[in-house]
>>> print(open('my_file23.cif').read())   # mmCIF, C-alpha atoms
data_run
#
loop_
_atom_site.label_atom_id
_atom_site.label_comp_id
_atom_site.auth_asym_id
_atom_site.auth_seq_id
_atom_site.Cartn_x
_atom_site.Cartn_y
_atom_site.Cartn_z
CA MET A 1 0.00 0.00 0.00
CA ASN A 2 1.89 3.00 -1.32
CA SER A 3 -0.34 5.81 -0.10
CA VAL A 4 -2.46 6.30 3.01
CA PRO A 5 -6.09 5.73 1.97
CA SER A 6 -9.12 7.49 3.39
CA LEU A 7 -12.87 7.30 2.96
CA SER A 8 -15.32 10.03 3.87
CA PHE A 9 -19.01 10.86 3.57
CA SER A 10 -20.12 14.48 3.26
CA LYS A 11 -23.80 15.33 3.86
CA LEU A 12 -24.69 11.95 2.39
CA GLY A 13 -28.37 11.18 1.87
CA CYS A 14 -30.49 8.42 0.38
CA ILE A 15 -34.05 8.28 -0.95
CA LYS A 16 -35.57 4.91 -1.83
CA GLY A 17 -39.06 4.34 -3.12
CA GLY A 18 -39.86 7.98 -2.56
CA ARG A 19 -38.91 7.74 1.12
CA GLN A 20 -35.95 9.50 2.72
CA LEU A 21 -33.92 6.77 4.46
CA PHE A 22 -31.19 9.01 5.84
CA ARG A 23 -29.71 12.44 5.26
CA ASP A 24 -26.71 14.60 6.13
CA ILE A 25 -24.37 11.72 7.05
CA ASP A 26 -20.82 12.88 7.71
CA CYS A 27 -18.01 10.44 8.42
CA ASP A 28 -14.23 10.19 8.05
CA LEU A 29 -12.45 6.82 8.03
CA SER A 30 -8.68 6.55 7.81
CA ALA A 31 -6.26 3.70 7.15
CA GLY A 32 -6.22 0.94 9.76
CA HIS A 33 -9.76 1.66 10.97
CA TRP A 34 -13.15 0.05 10.50
CA LEU A 35 -16.63 1.48 10.36
CA TYR A 36 -19.51 -0.44 11.92
CA VAL A 37 -22.79 0.64 10.33
CA THR A 38 -25.72 -0.12 12.58
CA GLY A 39 -29.39 0.78 12.94
CA ALA A 40 -32.87 -0.72 12.85
CA ASN A 41 -34.09 -2.75 9.88
CA GLY A 42 -35.13 -0.56 6.98
CA VAL A 43 -33.06 2.51 7.84
CA GLY A 44 -30.75 2.04 4.85
CA LYS A 45 -27.68 0.10 5.98
CA THR A 46 -27.46 -2.00 2.82
CA SER A 47 -28.37 1.02 0.69
CA LEU A 48 -25.46 2.92 2.23
CA LEU A 49 -23.05 0.07 1.52
CA ARG A 50 -24.28 -0.17 -2.07
CA MET A 51 -23.66 3.55 -2.50
CA VAL A 52 -20.14 3.15 -1.15
CA CYS A 53 -19.56 0.40 -3.72
CA GLY A 54 -20.93 2.45 -6.61
CA LEU A 55 -23.83 0.03 -7.05
CA ALA A 56 -26.35 2.76 -6.22
CA SER A 57 -26.18 6.40 -7.18
CA VAL A 58 -25.27 9.13 -4.71
CA GLU A 59 -28.39 11.29 -4.70
CA SER A 60 -27.25 13.95 -2.24
CA GLY A 61 -23.92 14.71 -0.65
CA ALA A 62 -20.72 12.93 -1.62
CA ILE A 63 -18.60 9.84 -0.99
CA LEU A 64 -14.91 10.66 -1.21
CA TRP A 65 -12.00 8.27 -1.68
CA ASN A 66 -8.69 9.92 -0.86
CA GLY A 67 -10.43 13.28 -0.99
CA THR A 68 -11.99 12.87 -4.45
CA PRO A 69 -15.62 11.90 -5.25
CA ILE A 70 -15.77 8.25 -6.25
CA GLN A 71 -17.65 9.07 -9.47
CA GLN A 72 -14.64 11.05 -10.70
CA GLN A 73 -12.23 8.12 -10.33
CA ALA A 74 -14.40 5.09 -11.03
CA ASP A 75 -11.68 2.81 -12.44
CA VAL A 76 -9.12 3.57 -9.74
CA TYR A 77 -11.75 3.23 -7.02
CA ARG A 78 -12.95 -0.16 -8.28
CA GLN A 79 -9.39 -1.46 -8.06
CA ASP A 80 -9.21 -0.34 -4.43
CA LEU A 81 -12.58 -1.88 -3.51
CA CYS A 82 -13.67 -5.39 -2.57
CA TYR A 83 -17.39 -5.86 -1.86
CA LEU A 84 -18.98 -8.89 -0.24
CA GLY A 85 -22.76 -8.88 0.05
CA HIS A 86 -24.89 -11.05 2.28
CA LEU A 87 -25.33 -13.37 -0.70
CA ASN A 88 -22.33 -15.52 -1.65
CA ALA A 89 -22.42 -14.76 -5.41
CA LEU A 90 -20.93 -18.14 -6.30
CA GLN A 91 -21.47 -20.18 -9.45
CA GLU A 92 -23.03 -23.41 -8.19
CA SER A 93 -22.07 -25.40 -11.30
CA MET A 94 -18.38 -24.50 -10.98
CA THR A 95 -15.79 -25.95 -8.64
CA VAL A 96 -14.47 -24.08 -5.64
CA ASP A 97 -11.19 -23.34 -7.40
CA GLU A 98 -12.94 -22.26 -10.61
CA ASN A 99 -14.97 -19.78 -8.59
CA LEU A 100 -11.82 -18.30 -7.04
CA ARG A 101 -10.08 -18.02 -10.40
CA PHE A 102 -13.16 -16.53 -12.05
CA THR A 103 -13.78 -13.84 -9.45
CA SER A 104 -10.08 -13.03 -9.31
CA ALA A 105 -9.98 -12.63 -13.10
CA LEU A 106 -12.90 -10.18 -12.92
CA GLY A 107 -10.65 -8.01 -10.77
CA GLY A 108 -7.74 -8.37 -13.17
CA LEU A 109 -5.92 -10.85 -10.89
CA ALA A 110 -4.45 -14.29 -11.48
CA PRO A 111 -3.37 -15.77 -8.12
CA GLU A 112 -1.11 -18.81 -8.33
CA ARG A 113 -2.53 -22.24 -7.58
CA GLU A 114 -0.42 -22.50 -4.43
CA GLN A 115 -1.81 -19.21 -3.14
CA ARG A 116 -5.38 -20.34 -3.80
CA GLN A 117 -4.73 -23.61 -2.02
CA GLN A 118 -3.26 -21.83 0.99
CA VAL A 119 -6.26 -19.55 1.28
CA LEU A 120 -8.70 -22.46 1.07
CA ALA A 121 -6.74 -24.34 3.71
CA HIS A 122 -6.82 -21.28 5.97
CA PHE A 123 -10.61 -21.25 5.70
CA GLY A 124 -10.92 -24.95 6.50
CA LEU A 125 -11.54 -26.02 2.90
CA ARG A 126 -8.42 -28.09 2.30
CA GLY A 127 -9.08 -30.81 -0.28
CA ARG A 128 -12.28 -29.18 -1.59
CA SER A 129 -10.85 -27.11 -4.44
CA GLN A 130 -12.22 -29.48 -7.13
CA GLN A 131 -15.59 -29.97 -5.48
CA LEU A 132 -18.65 -28.41 -7.11
CA VAL A 133 -20.01 -25.53 -5.06
CA ARG A 134 -23.53 -26.97 -5.21
CA HIS A 135 -22.34 -29.90 -3.07
CA LEU A 136 -21.06 -27.71 -0.23
CA SER A 137 -22.94 -26.83 2.94
CA GLN A 138 -24.11 -23.24 3.42
CA GLY A 139 -21.30 -22.63 5.89
CA GLN A 140 -18.72 -23.97 3.44
CA LYS A 141 -20.11 -21.81 0.64
CA ARG A 142 -19.77 -18.79 2.89
CA ARG A 143 -16.14 -19.68 3.57
CA VAL A 144 -15.47 -19.90 -0.17
CA ALA A 145 -17.01 -16.45 -0.66
CA LEU A 146 -15.00 -14.99 2.19
CA SER A 147 -11.76 -16.55 0.98
CA ARG A 148 -11.89 -14.13 -1.95
CA LEU A 149 -11.04 -11.36 0.50
CA ALA A 150 -7.70 -12.98 1.26
CA LEU A 151 -6.87 -13.01 -2.48
CA SER A 152 -7.80 -9.38 -3.03
CA PRO A 153 -5.25 -6.55 -2.91
CA ALA A 154 -8.07 -4.00 -2.45
CA ARG A 155 -7.51 -1.52 0.35
CA LEU A 156 -11.20 -0.96 1.10
CA TRP A 157 -13.37 -3.91 2.10
CA VAL A 158 -17.14 -3.37 2.22
CA LEU A 159 -18.91 -6.25 3.95
CA ASP A 160 -22.67 -6.68 4.27
CA GLU A 161 -23.51 -9.24 6.99
CA PRO A 162 -20.22 -11.12 6.52
CA TYR A 163 -20.85 -13.54 9.42
CA VAL A 164 -24.06 -15.01 7.97
CA ALA A 165 -24.09 -18.85 8.05
CA MET A 166 -20.69 -18.94 9.79
CA ASP A 167 -19.95 -21.16 12.76
CA GLU A 168 -17.83 -20.00 15.70
CA SER A 169 -14.53 -21.06 14.15
CA GLY A 170 -15.39 -19.37 10.86
CA ILE A 171 -16.33 -16.16 12.63
CA SER A 172 -13.00 -16.20 14.43
CA LEU A 173 -11.11 -16.78 11.16
CA LEU A 174 -12.87 -13.89 9.46
CA ALA A 175 -12.36 -11.53 12.40
CA ASP A 176 -8.65 -12.36 12.33
CA LEU A 177 -8.51 -11.81 8.55
CA ILE A 178 -10.16 -8.40 8.94
CA GLY A 179 -7.76 -7.56 11.75
CA GLY A 180 -4.79 -8.41 9.55
CA HIS A 181 -6.16 -6.23 6.78
CA LEU A 182 -6.49 -3.29 9.17
CA ASP A 183 -2.99 -3.89 10.56
CA ALA A 184 -1.69 -3.60 6.99
CA GLY A 185 -3.31 -0.19 6.59
CA GLY A 186 -6.57 -1.24 4.97
CA LEU A 187 -10.07 0.04 5.73
CA VAL A 188 -13.27 -1.90 6.39
CA VAL A 189 -16.91 -0.84 6.29
CA LEU A 190 -19.32 -3.48 7.55
CA THR A 191 -22.81 -4.02 8.85
CA SER A 192 -23.72 -7.05 10.92
CA HIS A 193 -26.37 -8.19 13.36
CA GLN A 194 -23.59 -10.01 15.22
CA LYS A 195 -21.27 -7.84 17.30
CA VAL A 196 -17.93 -9.50 16.70
CA PRO A 197 -14.74 -7.95 18.10
CA ILE A 198 -11.90 -7.37 15.65
CA ARG A 199 -8.86 -8.09 17.81
CA ASN A 200 -8.44 -5.06 20.07
CA LEU A 201 -9.33 -2.56 17.36
CA PRO A 202 -12.34 -0.45 18.39
CA ALA A 203 -14.99 0.22 15.78
CA GLN A 204 -15.93 3.63 14.54
CA LEU A 205 -19.73 3.57 14.92
CA LEU A 206 -22.18 4.97 12.41
CA GLU A 207 -25.78 4.54 13.61
CA LEU A 208 -28.37 5.22 10.95
CA LYS A 209 -31.73 6.54 12.09
CA ALA A 210 -34.93 7.15 10.17
CA ALA A 211 -34.92 10.60 8.60
#
>>> encode(input="my_file23.cif", output="structure tokens")
Amino acid sequence: MNSVPSLSFSKLGCIKGGRQLFRDIDCDLSAGHWLYVTGANGVGKTSLLRMVCGLASVESGAILWNGTPIQQQADVYRQDLCYLGHLNALQESMTVDENLRFTSALGGLAPEREQRQQVLAHFGLRGRSQQLVRHLSQGQKRRVALSRLALSPARLWVLDEPYVAMDESGISLLADLIGGHLDAGGLVVLTSHQKVPIRNLPAQLLELKAA
């Protein structure tokens, strides 16, 4: 990581279905820190994360990456971003390894076989690289999806309910992976119904409330 990354929201607002979900959100997140987005159901947590990822338009205010609106640096921003939604987004008819290679290629990456094997082993999936995803349990599918984080060089991770369908050991593995990313100067934005500590790194809290 050559530069010190930063993410900020300035007077950010969101309208969905004609209803104002939130407005005037200000936030500054610097390297090595994580933002925990919380709030009641329906206040716009997932909508906020989709806006951060460029999957939904910014209707009012601005999202800045390194001080520049994300719309003005779309290609650079995409390279710095890794998004994981609450759905696994895996191809059921492909093997575990094919899924990793495919999603890596979408990001312009080609991790070596040994690296892919190491990541799968770290997530408790040793020996499953040639298994079709459709034959995995829900917990194993989630581990495959999360293993993509370990293969990504992106500095900003945006995670929507990352602990869904994870057992205790999987939750611990993911928390440690996030902690390592932060230690290396990365940033994380996540929302989760499970309050999971990330090592001894306190969260920066953003509580959304109905406008």
>>> resolve_selection(input="my_file23.cif", expression="the PyMOL selection byres ((chain A and resi 110-116) around 8)", output="list in words")
Asp97, Leu100, Arg101, Ser104, Ala105, Gly108, Leu109, Gln117, Gln118, Val119, Leu120 and Leu151 of chain A
>>> resolve_selection(input="my_file23.cif", expression="the PyMOL selection byres ((chain A and resi 128) around 12)", output="mmCIF file with C-alpha atoms, in the frame of the given file")
data_model
loop_
_atom_site.group_PDB
_atom_site.id
_atom_site.type_symbol
_atom_site.label_atom_id
_atom_site.label_comp_id
_atom_site.auth_asym_id
_atom_site.auth_seq_id
_atom_site.Cartn_x
_atom_site.Cartn_y
_atom_site.Cartn_z
ATOM 1 C CA THR A 95 -15.790 -25.950 -8.640
ATOM 2 C CA VAL A 96 -14.470 -24.080 -5.640
ATOM 3 C CA ASP A 97 -11.190 -23.340 -7.400
ATOM 4 C CA GLU A 98 -12.940 -22.260 -10.610
ATOM 5 C CA ARG A 116 -5.380 -20.340 -3.800
ATOM 6 C CA GLN A 117 -4.730 -23.610 -2.020
ATOM 7 C CA GLN A 118 -3.260 -21.830 0.990
ATOM 8 C CA VAL A 119 -6.260 -19.550 1.280
ATOM 9 C CA LEU A 120 -8.700 -22.460 1.070
ATOM 10 C CA ALA A 121 -6.740 -24.340 3.710
ATOM 11 C CA PHE A 123 -10.610 -21.250 5.700
ATOM 12 C CA GLY A 124 -10.920 -24.950 6.500
ATOM 13 C CA LEU A 125 -11.540 -26.020 2.900
ATOM 14 C CA ARG A 126 -8.420 -28.090 2.300
ATOM 15 C CA GLY A 127 -9.080 -30.810 -0.280
ATOM 16 C CA SER A 129 -10.850 -27.110 -4.440
ATOM 17 C CA GLN A 130 -12.220 -29.480 -7.130
ATOM 18 C CA GLN A 131 -15.590 -29.970 -5.480
ATOM 19 C CA LEU A 132 -18.650 -28.410 -7.110
ATOM 20 C CA VAL A 133 -20.010 -25.530 -5.060
ATOM 21 C CA HIS A 135 -22.340 -29.900 -3.070
ATOM 22 C CA LEU A 136 -21.060 -27.710 -0.230
ATOM 23 C CA SER A 137 -22.940 -26.830 2.940
ATOM 24 C CA GLN A 140 -18.720 -23.970 3.440
ATOM 25 C CA LYS A 141 -20.110 -21.810 0.640
ATOM 26 C CA ARG A 143 -16.140 -19.680 3.570
ATOM 27 C CA VAL A 144 -15.470 -19.900 -0.170
#
>>> closest_atom_pairs(input="my_file23.cif", of="segment 39-153 of chain A", to="segment 162-170 of chain A", cutoff="8 Å", atoms="all atoms listed in the file", output="tab-separated table")
residue	atom	partner	partner_atom	distance
A:Leu84	CA	A:Pro162	CA	7.2
A:Gly85	CA	A:Pro162	CA	7.3
A:His86	CA	A:Pro162	CA	6.3
A:Phe123	CA	A:Gly170	CA	7.3
A:Gln138	CA	A:Ala165	CA	6.4
A:Gly139	CA	A:Ala165	CA	5.2
A:Arg142	CA	A:Ala165	CA	6.7
A:Arg143	CA	A:Gly170	CA	7.3
A:Leu146	CA	A:Pro162	CA	7.8
>>> residues_around(input="my_file23.cif", residues="segment 189-203 of chain A", least_positions_apart="5", cutoff="9 Å", atoms="all atoms listed in the file", output="ChimeraX atom specification")
/A:32-38,45-46,49,156-164,171-172,175-176,178-179,182
>>> atom_distance(input="my_file23.cif", atom1="atom CA of Leu187 of chain A", atom2="atom CA of Gln71 of chain A")
19.2 Å
>>> atom_distance(input="my_file23.cif", atom1="atom CA of Gly107 of chain A", atom2="atom CA of Asp28 of chain A")
26.4 Å
>>> atom_distance(input="my_file23.cif", atom1="atom CA of Ile63 of chain A", atom2="atom CA of Ser147 of chain A")
27.3 Å
>>> resolve_selection(input="my_file23.cif", expression="the PyMOL selection byres ((chain A and resi 59-62) around 9)", output="ChimeraX atom specification")
/A:8-15,23-25,56-58,63-64,69-70
>>> closest_residue(input="my_file23.cif", among="A:His181, A:Arg148, A:His122, A:Arg155", to="Tyr77 of chain A", atoms="all atoms listed in the file")
A:Arg155
>>> closest_residue(input="my_file23.cif", among="A:Ala145, A:Gly67, A:Gly42, A:Arg50", to="Asn88 of chain A", atoms="all atoms listed in the file")
A:Ala145
>>> build_atoms(input="my_file23.cif", residues="segment 66-99 of chain A", atoms="N, CA and C atoms", output="PDB file, in the coordinates of the input")
ATOM      1  N   ASN A  66      -9.919   9.127  -0.834  1.00  0.00           N
ATOM      2  CA  ASN A  66      -8.690   9.920  -0.860  1.00  0.00           C
ATOM      3  C   ASN A  66      -8.958  11.373  -1.266  1.00  0.00           C
ATOM      4  N   GLY A  67     -10.101  11.878  -0.793  1.00  0.00           N
ATOM      5  CA  GLY A  67     -10.430  13.280  -0.990  1.00  0.00           C
ATOM      6  C   GLY A  67     -11.120  13.627  -2.288  1.00  0.00           C
ATOM      7  N   THR A  68     -11.368  12.623  -3.149  1.00  0.00           N
ATOM      8  CA  THR A  68     -11.990  12.870  -4.450  1.00  0.00           C
ATOM      9  C   THR A  68     -13.281  12.061  -4.568  1.00  0.00           C
ATOM     10  N   PRO A  69     -14.381  12.653  -5.076  1.00  0.00           N
ATOM     11  CA  PRO A  69     -15.620  11.900  -5.250  1.00  0.00           C
ATOM     12  C   PRO A  69     -15.398  10.623  -6.049  1.00  0.00           C
ATOM     13  N   ILE A  70     -16.029   9.551  -5.621  1.00  0.00           N
ATOM     14  CA  ILE A  70     -15.770   8.250  -6.250  1.00  0.00           C
ATOM     15  C   ILE A  70     -16.202   8.234  -7.710  1.00  0.00           C
ATOM     16  N   GLN A  71     -17.197   9.045  -8.077  1.00  0.00           N
ATOM     17  CA  GLN A  71     -17.650   9.070  -9.470  1.00  0.00           C
ATOM     18  C   GLN A  71     -16.581   9.625 -10.396  1.00  0.00           C
ATOM     19  N   GLN A  72     -15.679  10.425  -9.876  1.00  0.00           N
ATOM     20  CA  GLN A  72     -14.640  11.050 -10.700  1.00  0.00           C
ATOM     21  C   GLN A  72     -13.404  10.171 -10.876  1.00  0.00           C
ATOM     22  N   GLN A  73     -13.398   9.014 -10.235  1.00  0.00           N
ATOM     23  CA  GLN A  73     -12.230   8.120 -10.330  1.00  0.00           C
ATOM     24  C   GLN A  73     -12.703   6.669 -10.298  1.00  0.00           C
ATOM     25  N   ALA A  74     -13.727   6.386 -11.106  1.00  0.00           N
ATOM     26  CA  ALA A  74     -14.400   5.090 -11.030  1.00  0.00           C
ATOM     27  C   ALA A  74     -13.448   3.906 -11.197  1.00  0.00           C
ATOM     28  N   ASP A  75     -12.572   3.950 -12.188  1.00  0.00           N
ATOM     29  CA  ASP A  75     -11.680   2.810 -12.440  1.00  0.00           C
ATOM     30  C   ASP A  75     -10.695   2.597 -11.298  1.00  0.00           C
ATOM     31  N   VAL A  76     -10.078   3.669 -10.841  1.00  0.00           N
ATOM     32  CA  VAL A  76      -9.120   3.570  -9.740  1.00  0.00           C
ATOM     33  C   VAL A  76      -9.828   3.081  -8.479  1.00  0.00           C
ATOM     34  N   TYR A  77     -11.012   3.601  -8.222  1.00  0.00           N
ATOM     35  CA  TYR A  77     -11.750   3.230  -7.020  1.00  0.00           C
ATOM     36  C   TYR A  77     -12.131   1.758  -7.036  1.00  0.00           C
ATOM     37  N   ARG A  78     -12.570   1.255  -8.174  1.00  0.00           N
ATOM     38  CA  ARG A  78     -12.950  -0.160  -8.280  1.00  0.00           C
ATOM     39  C   ARG A  78     -11.764  -1.065  -7.954  1.00  0.00           C
ATOM     40  N   GLN A  79     -10.573  -0.660  -8.345  1.00  0.00           N
ATOM     41  CA  GLN A  79      -9.390  -1.460  -8.060  1.00  0.00           C
ATOM     42  C   GLN A  79      -9.069  -1.487  -6.566  1.00  0.00           C
ATOM     43  N   ASP A  80      -9.479  -0.450  -5.866  1.00  0.00           N
ATOM     44  CA  ASP A  80      -9.210  -0.340  -4.430  1.00  0.00           C
ATOM     45  C   ASP A  80     -10.320  -0.932  -3.578  1.00  0.00           C
ATOM     46  N   LEU A  81     -11.379  -1.455  -4.219  1.00  0.00           N
ATOM     47  CA  LEU A  81     -12.580  -1.880  -3.510  1.00  0.00           C
ATOM     48  C   LEU A  81     -12.832  -3.367  -3.649  1.00  0.00           C
ATOM     49  N   CYS A  82     -13.201  -3.997  -2.541  1.00  0.00           N
ATOM     50  CA  CYS A  82     -13.670  -5.390  -2.570  1.00  0.00           C
ATOM     51  C   CYS A  82     -14.979  -5.446  -1.788  1.00  0.00           C
ATOM     52  N   TYR A  83     -16.053  -5.830  -2.463  1.00  0.00           N
ATOM     53  CA  TYR A  83     -17.390  -5.860  -1.860  1.00  0.00           C
ATOM     54  C   TYR A  83     -17.849  -7.296  -1.684  1.00  0.00           C
ATOM     55  N   LEU A  84     -18.375  -7.589  -0.500  1.00  0.00           N
ATOM     56  CA  LEU A  84     -18.980  -8.890  -0.240  1.00  0.00           C
ATOM     57  C   LEU A  84     -20.360  -8.662   0.347  1.00  0.00           C
ATOM     58  N   GLY A  85     -21.388  -9.028  -0.414  1.00  0.00           N
ATOM     59  CA  GLY A  85     -22.760  -8.880   0.050  1.00  0.00           C
ATOM     60  C   GLY A  85     -23.178 -10.035   0.938  1.00  0.00           C
ATOM     61  N   HIS A  86     -24.420  -9.968   1.418  1.00  0.00           N
ATOM     62  CA  HIS A  86     -24.890 -11.050   2.280  1.00  0.00           C
ATOM     63  C   HIS A  86     -25.160 -12.318   1.499  1.00  0.00           C
ATOM     64  N   LEU A  87     -25.248 -12.196   0.159  1.00  0.00           N
ATOM     65  CA  LEU A  87     -25.330 -13.370  -0.700  1.00  0.00           C
ATOM     66  C   LEU A  87     -23.911 -13.759  -1.133  1.00  0.00           C
ATOM     67  N   ASN A  88     -23.692 -15.045  -1.377  1.00  0.00           N
ATOM     68  CA  ASN A  88     -22.330 -15.520  -1.650  1.00  0.00           C
ATOM     69  C   ASN A  88     -21.846 -15.213  -3.065  1.00  0.00           C
ATOM     70  N   ALA A  89     -22.781 -15.064  -4.018  1.00  0.00           N
ATOM     71  CA  ALA A  89     -22.420 -14.760  -5.410  1.00  0.00           C
ATOM     72  C   ALA A  89     -21.442 -15.788  -5.974  1.00  0.00           C
ATOM     73  N   LEU A  90     -21.747 -17.062  -5.766  1.00  0.00           N
ATOM     74  CA  LEU A  90     -20.930 -18.140  -6.300  1.00  0.00           C
ATOM     75  C   LEU A  90     -21.671 -18.845  -7.432  1.00  0.00           C
ATOM     76  N   GLN A  91     -20.898 -19.388  -8.377  1.00  0.00           N
ATOM     77  CA  GLN A  91     -21.470 -20.180  -9.450  1.00  0.00           C
ATOM     78  C   GLN A  91     -21.580 -21.629  -8.981  1.00  0.00           C
ATOM     79  N   GLU A  92     -22.803 -22.094  -8.775  1.00  0.00           N
ATOM     80  CA  GLU A  92     -23.030 -23.410  -8.190  1.00  0.00           C
ATOM     81  C   GLU A  92     -22.509 -24.548  -9.065  1.00  0.00           C
ATOM     82  N   SER A  93     -22.486 -24.330 -10.385  1.00  0.00           N
ATOM     83  CA  SER A  93     -22.070 -25.400 -11.300  1.00  0.00           C
ATOM     84  C   SER A  93     -20.559 -25.442 -11.502  1.00  0.00           C
ATOM     85  N   MET A  94     -19.827 -24.530 -10.868  1.00  0.00           N
ATOM     86  CA  MET A  94     -18.380 -24.500 -10.980  1.00  0.00           C
ATOM     87  C   MET A  94     -17.745 -25.046  -9.708  1.00  0.00           C
ATOM     88  N   THR A  95     -16.499 -25.474  -9.818  1.00  0.00           N
ATOM     89  CA  THR A  95     -15.790 -25.950  -8.640  1.00  0.00           C
ATOM     90  C   THR A  95     -15.378 -24.773  -7.754  1.00  0.00           C
ATOM     91  N   VAL A  96     -14.948 -25.104  -6.556  1.00  0.00           N
ATOM     92  CA  VAL A  96     -14.470 -24.080  -5.640  1.00  0.00           C
ATOM     93  C   VAL A  96     -13.323 -23.301  -6.267  1.00  0.00           C
ATOM     94  N   ASP A  97     -12.350 -24.004  -6.821  1.00  0.00           N
ATOM     95  CA  ASP A  97     -11.190 -23.340  -7.400  1.00  0.00           C
ATOM     96  C   ASP A  97     -11.573 -22.512  -8.622  1.00  0.00           C
ATOM     97  N   GLU A  98     -12.489 -23.018  -9.440  1.00  0.00           N
ATOM     98  CA  GLU A  98     -12.940 -22.260 -10.610  1.00  0.00           C
ATOM     99  C   GLU A  98     -13.600 -20.951 -10.183  1.00  0.00           C
ATOM    100  N   ASN A  99     -14.350 -20.990  -9.103  1.00  0.00           N
ATOM    101  CA  ASN A  99     -14.970 -19.780  -8.590  1.00  0.00           C
ATOM    102  C   ASN A  99     -13.921 -18.756  -8.163  1.00  0.00           C
TER     103      ASN A  99
END
